[in-house]
Amino acid sequence: MAARHLLLLALVCLHAPHSASAQQPEEATVIVKGSTKIAVTDVNYICATIDWWPPEKCNYNQCPWGQSSILNLDLDHPFLAQAIQEFHNLRIRLGGSLQDRVVYDVGTNSPCSPFTNVSNGLFGFSAGCLSMDRWDKLNDLFQKTGAIITFGLNALHGRYNVQRSFWAGKWNSTNTYDFVEYTISKGYPVDSWEFGNELSGHGTGARVDAKLYGKDVIELKSILRQLYRTPLSQPLLLAPGGFFDQQWYTQLLQTSGHGVVNALTHHIYNLGGGDDVHLMRKIVDPKYLDRAEDTYRDMQLTLQRHGTWASSWVSESGGVFNNGRQLVSNTFMNSIWYLDQLGMASKYNTKVFCRQTLIGGNYGLLDTQTFLPNPDYYSALLWHRLMGNGVLSVDINAPRKLRAYAHCSKRHKGITLLLINLSNSTVYNVTLQNDLNVSVERRTGHRRRSGGLRRAVSWLGSKQSSESTKRDEYHLTAKDGDHQSRTMLLNGVPLELGDGGGVPALNPVPAAVDSPVHLAPTSIAFVVLPRFEAKACS
């Protein structure tokens, strides 16, 4: 136990400014309400994307995509399969801006050509082609690694550009039909098909009317029902994979009707563009981060009012659009944004959260050139291993710089708490409480004495116990206190691949449940409480 306190003290001293190191830690209380779930995510909530962008995709004089697209990614790289396998069923979404310009080379007589730069093309590129040989190789990887696949379909095929970004005309489903039929004939398990990419509302590069979109979604549903002949084999149909526009999304649901769209998908890029010089400040600004909550809330309300049969997915989110930003999106600091969004979205019944990208651009979980894990890879892996699908409500008695999210634990009884300290100077002593105890205190009139450290009662429910119990803590900090470091520390130890190229063990440090959690400045902690009495998690 003494070693643990020395370790946490070292973390605090390392990351707190010298002027703040002499300050007393600030007291904070987090009360977890374990009696009922406020939301439920999919068991495979964590998702990552692979995009279509070719090496020529450039922004701000940078071209960070390299060989990382669906068409050119090195599928035999020794670490790629292992990185996916570590999740034991990572959900992967294949899609992105150019998916609405992809032709599937099955039943076609045209040569299968790659994307090329053209002045008059959507996003400056020609149409591209997915060969069935490449699709076969991709599926070899997916079946080897146990990946759960979402594939984004071309929703512009057959349409024509009327003016500016507006596209009209009926969707030509022939190529999609042939592609899905081929996929089924090969026995490739596709969990879900997503229709279109960022064509909703004002669109990104192109847009389609919601009523027309809804009619085409009905046709796609008919195709899936025809080709997948047994109900149990039916994949999910997702749409529209765009930026949330309440009126447009409502019209899509009303036009397509009951049971057609299984999940409404939307994209989150709430930090700004890759040339934004204020990104670091935004990531630790609680008021700025909270703005995204309006989108999640409005999506939830739209489904409650117009589509109770459907769920909500974030099918793409990179925080920073246009490739992410070098030395922000691929650093420790981005994990603060990423984990906060995972927690926030889950509270509003978001079933799946797809990170842009698994690899590619500046925001990949893996480095585009070396395939080495960026900090967010480990953040995603810890969430996937520790946070279950039952979402619990929390009350926080602390400044807004302290964020807290609670879920039922994934691998055992009890709960897992995610704590994020946005302050670069304040150390928090976080006392954890069960709302059952708070209710008991209120009923009996007993109140805590003021002053001194309050005793945490994190494992208790309505009955106290003298049994000595432990909790597990996973503290994430930046190497050398540099928040833009590409190396993250877990409990003070750098997260780096082993000599054999394997993912390091993500081991916790134990702590007594009746002690507060010491949270260093600009740090993250997962706290696993196996004895926490939470009826919702039993």
# chains A, B, ... in the order shown; residues from 1 in each chain; ligands from 1
$ residues_around --residues "A:Asp100" --least-positions-apart "4" --cutoff "6 Å" --atoms "only C-alpha atoms" --output "VMD selection string"
chain A and resid 154 to 156
$ select_by_dssp --residues "stretch 286-384 of chain A" --states "helix (DSSP H, G or I)" --output "ChimeraX atom specification"
/A:286-290,292-306,332-346,375-384
$ write_last_selection --atoms "N, CA and C atoms" --output "short mmCIF file (atom, residue, chain, number, x, y, z; two decimals), in the first residue's frame"
data_model
loop_
_atom_site.label_atom_id
_atom_site.label_comp_id
_atom_site.auth_asym_id
_atom_site.auth_seq_id
_atom_site.Cartn_x
_atom_site.Cartn_y
_atom_site.Cartn_z
N PRO A 286 -14.48 22.85 -20.12
CA PRO A 286 -15.71 22.08 -19.91
C PRO A 286 -16.92 22.67 -20.61
N LYS A 287 -17.00 23.99 -20.70
CA LYS A 287 -18.14 24.62 -21.37
C LYS A 287 -18.13 24.27 -22.85
N TYR A 288 -16.95 24.25 -23.44
CA TYR A 288 -16.87 23.92 -24.86
C TYR A 288 -17.21 22.45 -25.09
N LEU A 289 -16.66 21.58 -24.27
CA LEU A 289 -16.95 20.16 -24.41
C LEU A 289 -18.44 19.87 -24.27
N ASP A 290 -19.10 20.58 -23.36
CA ASP A 290 -20.52 20.33 -23.08
C ASP A 290 -21.43 20.67 -24.25
N ALA A 292 -21.41 19.56 -27.17
CA ALA A 292 -21.77 18.35 -27.93
C ALA A 292 -22.95 17.64 -27.29
N GLU A 293 -23.20 17.90 -26.02
CA GLU A 293 -24.30 17.24 -25.32
C GLU A 293 -25.64 17.58 -25.96
N ASP A 294 -25.76 18.77 -26.51
CA ASP A 294 -27.01 19.16 -27.17
C ASP A 294 -27.33 18.24 -28.35
N THR A 295 -26.30 17.87 -29.10
CA THR A 295 -26.51 16.98 -30.25
C THR A 295 -26.99 15.61 -29.79
N TYR A 296 -26.33 15.05 -28.78
CA TYR A 296 -26.73 13.73 -28.28
C TYR A 296 -28.15 13.76 -27.73
N ARG A 297 -28.47 14.83 -27.01
CA ARG A 297 -29.80 14.96 -26.42
C ARG A 297 -30.87 15.10 -27.50
N ASP A 298 -30.60 15.94 -28.51
CA ASP A 298 -31.58 16.15 -29.58
C ASP A 298 -31.78 14.88 -30.41
N MET A 299 -30.73 14.13 -30.60
CA MET A 299 -30.87 12.86 -31.31
C MET A 299 -31.75 11.90 -30.52
N GLN A 300 -31.53 11.83 -29.22
CA GLN A 300 -32.34 10.97 -28.37
C GLN A 300 -33.81 11.38 -28.41
N LEU A 301 -34.08 12.67 -28.35
CA LEU A 301 -35.46 13.16 -28.40
C LEU A 301 -36.11 12.86 -29.75
N THR A 302 -35.35 13.00 -30.83
CA THR A 302 -35.88 12.71 -32.17
C THR A 302 -36.32 11.25 -32.27
N LEU A 303 -35.52 10.36 -31.73
CA LEU A 303 -35.87 8.94 -31.76
C LEU A 303 -37.07 8.65 -30.87
N GLN A 304 -37.14 9.27 -29.72
CA GLN A 304 -38.27 9.05 -28.82
C GLN A 304 -39.58 9.52 -29.44
N ARG A 305 -39.53 10.58 -30.22
CA ARG A 305 -40.74 11.15 -30.81
C ARG A 305 -41.12 10.52 -32.15
N HIS A 306 -40.12 10.12 -32.95
CA HIS A 306 -40.42 9.72 -34.32
C HIS A 306 -39.87 8.36 -34.73
N PHE A 332 -1.43 12.40 -26.03
CA PHE A 332 -2.17 12.15 -24.79
C PHE A 332 -3.37 13.08 -24.64
N MET A 333 -3.20 14.34 -25.00
CA MET A 333 -4.27 15.32 -24.78
C MET A 333 -5.56 14.89 -25.46
N ASN A 334 -5.46 14.26 -26.60
CA ASN A 334 -6.68 13.88 -27.32
C ASN A 334 -7.48 12.82 -26.57
N SER A 335 -6.82 12.03 -25.71
CA SER A 335 -7.55 11.04 -24.94
C SER A 335 -8.53 11.68 -23.97
N ILE A 336 -8.24 12.90 -23.54
CA ILE A 336 -9.18 13.61 -22.68
C ILE A 336 -10.46 13.90 -23.45
N TRP A 337 -10.31 14.42 -24.67
CA TRP A 337 -11.49 14.65 -25.51
C TRP A 337 -12.21 13.34 -25.82
N TYR A 338 -11.44 12.33 -26.23
CA TYR A 338 -12.02 11.07 -26.71
C TYR A 338 -12.81 10.37 -25.61
N LEU A 339 -12.22 10.19 -24.45
CA LEU A 339 -12.90 9.49 -23.37
C LEU A 339 -14.08 10.29 -22.84
N ASP A 340 -13.95 11.61 -22.83
CA ASP A 340 -15.09 12.43 -22.40
C ASP A 340 -16.27 12.27 -23.35
N GLN A 341 -15.99 12.20 -24.66
CA GLN A 341 -17.07 12.01 -25.63
C GLN A 341 -17.69 10.62 -25.50
N LEU A 342 -16.86 9.61 -25.26
CA LEU A 342 -17.40 8.27 -25.07
C LEU A 342 -18.36 8.24 -23.88
N GLY A 343 -17.96 8.90 -22.78
CA GLY A 343 -18.81 8.95 -21.61
C GLY A 343 -20.08 9.74 -21.84
N MET A 344 -19.93 10.90 -22.47
CA MET A 344 -21.07 11.78 -22.71
C MET A 344 -22.09 11.13 -23.65
N ALA A 345 -21.62 10.56 -24.75
CA ALA A 345 -22.52 9.95 -25.72
C ALA A 345 -23.28 8.77 -25.11
N SER A 346 -22.61 8.02 -24.27
CA SER A 346 -23.24 6.83 -23.69
C SER A 346 -24.44 7.19 -22.82
N PRO A 375 -1.73 7.17 -28.10
CA PRO A 375 -2.38 7.10 -26.77
C PRO A 375 -3.84 6.69 -26.81
N ASP A 376 -4.59 7.16 -27.80
CA ASP A 376 -6.02 6.85 -27.83
C ASP A 376 -6.29 5.36 -28.06
N TYR A 377 -5.34 4.63 -28.63
CA TYR A 377 -5.52 3.19 -28.78
C TYR A 377 -5.68 2.54 -27.41
N TYR A 378 -4.81 2.92 -26.48
CA TYR A 378 -4.87 2.36 -25.14
C TYR A 378 -6.09 2.85 -24.39
N SER A 379 -6.50 4.09 -24.62
CA SER A 379 -7.73 4.60 -23.99
C SER A 379 -8.94 3.80 -24.46
N ALA A 380 -8.99 3.54 -25.76
CA ALA A 380 -10.09 2.75 -26.31
C ALA A 380 -10.09 1.33 -25.76
N LEU A 381 -8.90 0.74 -25.64
CA LEU A 381 -8.78 -0.62 -25.16
C LEU A 381 -9.21 -0.73 -23.70
N LEU A 382 -8.82 0.24 -22.88
CA LEU A 382 -9.22 0.22 -21.48
C LEU A 382 -10.73 0.38 -21.34
N TRP A 383 -11.31 1.31 -22.10
CA TRP A 383 -12.77 1.44 -22.05
C TRP A 383 -13.43 0.12 -22.43
N HIS A 384 -12.98 -0.47 -23.52
CA HIS A 384 -13.60 -1.70 -24.03
C HIS A 384 -13.51 -2.84 -23.00
#
$ residues_around --residues "stretch 255-271 of chain A" --least-positions-apart "5" --cutoff "9 Å" --atoms "only C-alpha atoms" --output "ChimeraX atom specification"
/A:194,198,210-218,221,236-244,249-250,276,278-279,282-283,288-289,291-292,295,299,303,307-321,337,351,354
$ residues_around --residues "A:Val352" --least-positions-apart "5" --cutoff "7 Å" --atoms "only C-alpha atoms" --output "list in words"
Thr41, Asp42, Tyr45, Ile46, Cys47, Trp313 and Val314 of chain A
$ residues_around --residues "stretch 398-411 of chain A" --least-positions-apart "5" --cutoff "7 Å" --atoms "only C-alpha atoms" --output "VMD selection string"
chain A and resid 28 to 29 286 343 385 to 393 416 to 423 537
$ write_last_selection --atoms "all heavy atoms" --output "compact mmCIF listing (two decimals), in the first residue's frame"
# COMPACT_ATOMS: atom_id res chain seq x y z
N ALA A 28 -13.30 16.61 -3.49
CA ALA A 28 -14.42 16.46 -4.42
C ALA A 28 -15.16 15.18 -4.05
O ALA A 28 -14.58 14.26 -3.48
CB ALA A 28 -13.92 16.38 -5.86
N THR A 29 -16.44 15.15 -4.38
CA THR A 29 -17.27 13.97 -4.11
C THR A 29 -18.01 13.57 -5.38
O THR A 29 -18.58 14.42 -6.07
CB THR A 29 -18.29 14.25 -2.99
OG1 THR A 29 -17.60 14.68 -1.82
CG2 THR A 29 -19.09 13.00 -2.67
N PRO A 286 -14.48 22.85 -20.12
CA PRO A 286 -15.71 22.08 -19.91
C PRO A 286 -16.92 22.67 -20.61
O PRO A 286 -17.79 21.93 -21.08
CB PRO A 286 -15.87 22.09 -18.39
CG PRO A 286 -15.06 23.23 -17.90
CD PRO A 286 -13.92 23.37 -18.86
N GLY A 343 -17.96 8.90 -22.78
CA GLY A 343 -18.81 8.95 -21.61
C GLY A 343 -20.08 9.74 -21.84
O GLY A 343 -21.18 9.32 -21.47
N ARG A 385 -12.41 -2.89 -22.27
CA ARG A 385 -12.21 -3.98 -21.31
C ARG A 385 -12.91 -3.73 -19.98
O ARG A 385 -13.29 -4.69 -19.29
CB ARG A 385 -10.72 -4.19 -21.07
CG ARG A 385 -9.97 -4.77 -22.25
CD ARG A 385 -8.49 -4.93 -21.94
NE ARG A 385 -7.78 -5.54 -23.06
CZ ARG A 385 -6.48 -5.79 -23.05
NH1 ARG A 385 -5.74 -5.51 -21.97
NH2 ARG A 385 -5.89 -6.35 -24.10
N LEU A 386 -13.08 -2.47 -19.60
CA LEU A 386 -13.54 -2.16 -18.25
C LEU A 386 -14.98 -1.68 -18.16
O LEU A 386 -15.68 -2.00 -17.19
CB LEU A 386 -12.63 -1.09 -17.62
CG LEU A 386 -11.15 -1.44 -17.51
CD1 LEU A 386 -10.37 -0.24 -16.96
CD2 LEU A 386 -10.92 -2.67 -16.64
N MET A 387 -15.43 -0.90 -19.14
CA MET A 387 -16.74 -0.26 -19.05
C MET A 387 -17.80 -1.16 -19.68
O MET A 387 -17.75 -1.46 -20.88
CB MET A 387 -16.73 1.10 -19.75
CG MET A 387 -15.67 2.06 -19.22
SD MET A 387 -16.05 2.75 -17.59
CE MET A 387 -16.99 4.21 -18.03
N GLY A 388 -18.77 -1.60 -18.87
CA GLY A 388 -19.85 -2.42 -19.39
C GLY A 388 -20.88 -1.58 -20.12
O GLY A 388 -20.72 -0.37 -20.30
N ASN A 389 -21.97 -2.23 -20.54
CA ASN A 389 -22.95 -1.51 -21.36
C ASN A 389 -24.03 -0.82 -20.55
O ASN A 389 -24.81 -0.03 -21.10
CB ASN A 389 -23.58 -2.46 -22.39
CG ASN A 389 -24.40 -3.57 -21.75
OD1 ASN A 389 -24.20 -3.91 -20.59
ND2 ASN A 389 -25.33 -4.13 -22.50
N GLY A 390 -24.11 -1.06 -19.25
CA GLY A 390 -25.08 -0.36 -18.41
C GLY A 390 -24.54 0.96 -17.93
O GLY A 390 -23.47 1.03 -17.30
N VAL A 391 -25.24 2.05 -18.25
CA VAL A 391 -24.79 3.40 -17.91
C VAL A 391 -25.52 3.88 -16.66
O VAL A 391 -26.75 3.78 -16.57
CB VAL A 391 -25.04 4.38 -19.08
CG1 VAL A 391 -24.41 5.74 -18.80
CG2 VAL A 391 -24.49 3.81 -20.39
N LEU A 392 -24.76 4.43 -15.71
CA LEU A 392 -25.31 4.88 -14.44
C LEU A 392 -25.21 6.39 -14.32
O LEU A 392 -24.33 7.02 -14.92
CB LEU A 392 -24.57 4.22 -13.27
CG LEU A 392 -24.50 2.69 -13.30
CD1 LEU A 392 -23.62 2.19 -12.16
CD2 LEU A 392 -25.88 2.08 -13.23
N SER A 393 -26.09 6.95 -13.53
CA SER A 393 -26.08 8.40 -13.29
C SER A 393 -25.10 8.74 -12.18
O SER A 393 -24.91 7.95 -11.24
CB SER A 393 -27.48 8.88 -12.91
OG SER A 393 -27.48 10.26 -12.60
N THR A 416 -17.55 0.49 -12.81
CA THR A 416 -16.29 1.14 -13.20
C THR A 416 -16.57 2.62 -13.40
O THR A 416 -17.53 2.99 -14.09
CB THR A 416 -15.72 0.53 -14.49
OG1 THR A 416 -15.44 -0.86 -14.27
CG2 THR A 416 -14.42 1.22 -14.88
N LEU A 417 -15.73 3.42 -12.81
CA LEU A 417 -15.87 4.88 -12.86
C LEU A 417 -14.75 5.45 -13.71
O LEU A 417 -13.59 5.03 -13.61
CB LEU A 417 -15.79 5.44 -11.44
CG LEU A 417 -16.18 6.90 -11.20
CD1 LEU A 417 -17.68 7.09 -11.40
CD2 LEU A 417 -15.77 7.32 -9.79
N LEU A 418 -15.09 6.39 -14.58
CA LEU A 418 -14.10 7.13 -15.37
C LEU A 418 -14.03 8.55 -14.83
O LEU A 418 -15.05 9.25 -14.79
CB LEU A 418 -14.50 7.14 -16.85
CG LEU A 418 -13.71 8.10 -17.76
CD1 LEU A 418 -12.23 7.71 -17.81
CD2 LEU A 418 -14.31 8.11 -19.16
N LEU A 419 -12.85 8.95 -14.39
CA LEU A 419 -12.62 10.31 -13.88
C LEU A 419 -11.64 11.03 -14.80
O LEU A 419 -10.62 10.46 -15.21
CB LEU A 419 -12.04 10.26 -12.46
CG LEU A 419 -12.88 9.57 -11.39
CD1 LEU A 419 -12.09 9.46 -10.09
CD2 LEU A 419 -14.18 10.33 -11.16
N ILE A 420 -11.95 12.28 -15.13
CA ILE A 420 -11.09 13.09 -16.00
C ILE A 420 -10.86 14.44 -15.32
O ILE A 420 -11.82 15.13 -14.95
CB ILE A 420 -11.73 13.31 -17.38
CG1 ILE A 420 -12.02 11.97 -18.05
CG2 ILE A 420 -10.81 14.16 -18.27
CD1 ILE A 420 -12.81 12.10 -19.35
N ASN A 421 -9.60 14.81 -15.15
CA ASN A 421 -9.24 16.09 -14.54
C ASN A 421 -8.78 17.03 -15.65
O ASN A 421 -7.71 16.86 -16.23
CB ASN A 421 -8.13 15.90 -13.51
CG ASN A 421 -7.83 17.18 -12.74
OD1 ASN A 421 -8.38 18.24 -13.03
ND2 ASN A 421 -6.95 17.08 -11.75
N LEU A 422 -9.60 18.03 -15.96
CA LEU A 422 -9.28 19.00 -17.01
C LEU A 422 -8.34 20.10 -16.53
O LEU A 422 -7.78 20.84 -17.34
CB LEU A 422 -10.56 19.64 -17.55
CG LEU A 422 -11.63 18.72 -18.13
CD1 LEU A 422 -12.82 19.54 -18.62
CD2 LEU A 422 -11.07 17.87 -19.27
N SER A 423 -8.17 20.23 -15.22
CA SER A 423 -7.33 21.29 -14.67
C SER A 423 -5.86 20.94 -14.80
O SER A 423 -5.46 19.80 -14.54
CB SER A 423 -7.67 21.53 -13.19
OG SER A 423 -6.74 22.43 -12.61
N CYS A 537 -26.72 -3.36 -11.82
CA CYS A 537 -25.62 -4.13 -12.41
C CYS A 537 -25.62 -5.59 -11.98
O CYS A 537 -24.72 -6.35 -12.36
CB CYS A 537 -24.29 -3.48 -12.05
SG CYS A 537 -24.13 -1.76 -12.57
$ atom_distance --atom1 "atom CA of A:Asn424" --atom2 "atom CA of A:Leu476"
14.1 Å
$ atom_distance --atom1 "atom CA of A:Leu153" --atom2 "atom CA of A:Thr350"
21.8 Å
$ closest_residue --among "A:Pro114, A:Gly272, A:Gly360, A:Gly203" --to "A:Gly66" --atoms "only C-alpha atoms"
A:Gly360
$ select_by_dssp --residues "stretch 145-361 of chain A" --states "strand (DSSP E or B)" --output "compact mmCIF listing (two decimals) with C-alpha atoms, in the first residue's frame"
# COMPACT_ATOMS: atom_id res chain seq x y z
CA ILE A 148 -17.53 -6.85 -36.47
CA ILE A 149 -18.07 -5.05 -39.77
CA THR A 150 -20.19 -2.09 -40.79
CA PHE A 151 -19.91 -1.25 -44.49
CA GLY A 152 -20.86 2.16 -45.88
CA LEU A 153 -22.66 1.92 -49.24
CA TYR A 160 -26.88 13.63 -60.75
CA ASN A 161 -25.65 16.97 -59.50
CA VAL A 162 -28.35 19.63 -60.02
CA GLN A 163 -26.72 22.73 -58.61
CA PHE A 166 -27.58 19.37 -54.34
CA TRP A 167 -28.03 15.94 -55.96
CA ALA A 168 -31.31 14.64 -57.38
CA SER A 192 -24.63 -3.69 -40.69
CA TRP A 193 -24.88 -1.78 -43.96
CA GLU A 194 -24.82 2.02 -43.75
CA PHE A 195 -26.44 4.04 -46.53
CA ARG A 207 -26.64 16.57 -50.18
CA VAL A 208 -29.86 14.71 -50.94
CA LEU A 236 -28.83 -3.88 -39.52
CA LEU A 237 -29.58 -1.01 -41.87
CA LEU A 238 -27.96 2.25 -40.78
CA ALA A 239 -28.51 5.76 -42.15
CA PRO A 240 -27.64 8.49 -42.97
CA GLY A 241 -24.10 8.76 -41.59
CA GLY A 242 -24.13 12.55 -41.60
CA ALA A 263 -30.06 2.93 -36.31
CA LEU A 264 -29.72 6.62 -37.07
CA THR A 265 -26.05 7.39 -37.52
CA HIS A 266 -24.40 10.77 -37.13
CA HIS A 267 -20.92 12.28 -37.07
CA ILE A 268 -19.18 14.34 -34.38
CA GLY A 272 -12.98 22.37 -35.29
CA GLY A 273 -10.62 22.05 -38.24
CA SER A 311 -31.22 3.45 -31.96
CA SER A 312 -28.49 6.09 -32.19
CA TRP A 313 -24.92 5.49 -33.36
CA VAL A 314 -21.98 7.81 -33.82
CA SER A 315 -20.59 6.23 -36.97
CA GLU A 316 -17.68 8.65 -37.30
CA SER A 317 -15.95 11.00 -34.89
CA VAL A 320 -10.87 17.56 -35.49
CA PHE A 321 -12.06 17.48 -39.10
CA THR A 350 -25.76 5.98 -28.04
CA LYS A 351 -25.22 2.32 -28.88
CA VAL A 352 -21.96 2.54 -30.84
CA PHE A 353 -19.19 5.16 -31.07
CA CYS A 354 -16.89 4.87 -34.12
CA ARG A 355 -13.55 6.61 -33.89
CA ILE A 359 -5.42 4.02 -38.97
$ closest_residue --among "A:Glu181, A:Leu358, A:Pro521, A:His157" --to "A:Arg229" --atoms "only C-alpha atoms"
A:Glu181
$ closest_residue --among "A:Glu533, A:Asp76, A:Asp209, A:Glu56" --to "A:Leu141" --atoms "only C-alpha atoms"
A:Asp76
$ atom_distance --atom1 "atom CA of A:Val394" --atom2 "atom CA of A:Ser425"
24.1 Å
$ closest_residue --among "A:Arg471, A:His77, A:Lys137, A:Lys535" --to "A:Leu436" --atoms "only C-alpha atoms"
A:Lys535
$ closest_residue --among "A:Leu495, A:Leu138, A:Ile524, A:Leu506" --to "A:Thr477" --atoms "only C-alpha atoms"
A:Ile524
